[in-house]
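What follows is a set of notes on a single structure, which appears directly below.
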Amino acid sequence: ELKGILASAVMNAYAVRDGYLGMINFKQRKALDSVARNLDYLDATVKKFLNLGRIERGELSVHKTALNLKKDVFDISINSLAATSAKKRLTISNEISPDLVIQADSDLMQIVANNLVSNAIKYSPDAGQIRITARPIDSKVEIEVYNDSTPITEEQKARLFQKFSRLDSPETKKVKGTGLGLYITKQIVERHGGDIRVEPRAQGNSFVFEIERN
């Protein structure tokens with residue numbers, strides 16, 4: 001019920017802000033922008049705690065179906081976050097083959113994609129690059145979500161996927177967070193018979209996860 005109330009509040013806030021219910025002035029729009037951002041954050045936080053509850057109760061069941069990894073998963077995430085990425089003038093390249101199909105839980109894979117793409121947007125510098133790739137490896141598929149940012153240290157890597165853990169860095173101090181997104185992502189990936197890791201690059205970081213294809 002709370003999820004429905006929040007979803008309705010978010011939609012109403014955006015409807016007013018975008019002028020669907022009548023013209024508004026610049027100051028009103030700026031105020032509504034702040035309201036909408038806070039509602040988005042609250043909605044995302046509630047969803048994460050609900051998913052955490054499912055994990056803690058052992059209710060995170062996996063119902064696999066055939067999914068086109070590009071079209072049915074990551075394109076949806078990129079499109080849903082397009083407004084946020086546009087504000088930072090980010091370039092997002094979805095380089096996954098349009099023919100790559102996996103057997104996975106649609107709802108759970110969407111959570112994984114949303115968390116990883118959202119994080120990439122949050123921690124990328126303005127006008128940065130985000131690149132998503134995937135390749136089959138034997139019976140698994142390896143998916144990589146790269147974004148420009150400060151390369152992560154070995155010490156930070158050890159804490160990254162822990163529950164309620166947030167890294168102490170200039171980037172994280174600027175961004176709200178619960179410390180649950182990557183923990184939940186890891187649990188979902190493992191339920192699909194895979195694993196997830198972070199690999200620092202010369203000018204950024206890649207989150208790399210593998211899942212079984214069938």
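In the structure tokens, chains take letters A, B, ... by order of appearance, with residues numbered from 1 within each chain and ligands from 1 in the order shown.
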
Item to check | range 105-208 of chain A: residues DSSP assigns to strand (DSSP E), reported as a PyMOL selection string | outcome: chain A and resi 105+129-137+140-148+195-200+204-208

Checklist entry - Which polymer residues have any atom within 7 Å of an atom of Ile152 in chain A, counting only C-alpha atoms, with same-chain residues fewer than 2 positions away left out, as a ChimeraX atom specification? => result /A:150,154,156-157,200,205

Next on the checklist: Report as a PyMOL selection string all protein, DNA and RNA residues lying within 10 Å of Ile96 in chain A, evaluated on only C-alpha atoms, omitting residues in the same chain fewer than 4 positions from it.
Outcome noted: chain A and resi 68-71+74-75+100+131-135+143-144

Item to check | Exercise: Arg213 in chain A partners within 6 Å, only C-alpha atoms, chain neighbours under 3 positions left out, as a PyMOL selection string | outcome: chain A and resi 102-103+139-140

Item to check | Coordinates-based distance that separates CA of Phe161 in chain A from CA of Leu182 in chain A (Å, one decimal) | outcome: 5.4 Å

Item to check | 12 Å contact set for Ile188 in chain A, only C-alpha atoms, chain neighbours under 6 positions out, as a PyMOL selection string | outcome: chain A and resi 51-52+54-55+58-63+104-113+115+181-182+194-196+209-211

Checklist entry - Quick one: residues within 7 Å of Ser77 in chain A, only C-alpha atoms counted, chain neighbours fewer than 4 positions away excluded, as number ranges by chain? => result A: 73, 81, 113-114, 117

Item to check | Non-local contacts of Pro151 in chain A (12 Å; only C-alpha atoms; under 3 positions in same chain excluded) as a ChimeraX atom specification | outcome: /A:123-124,146-148,154-157,169,171,198-207
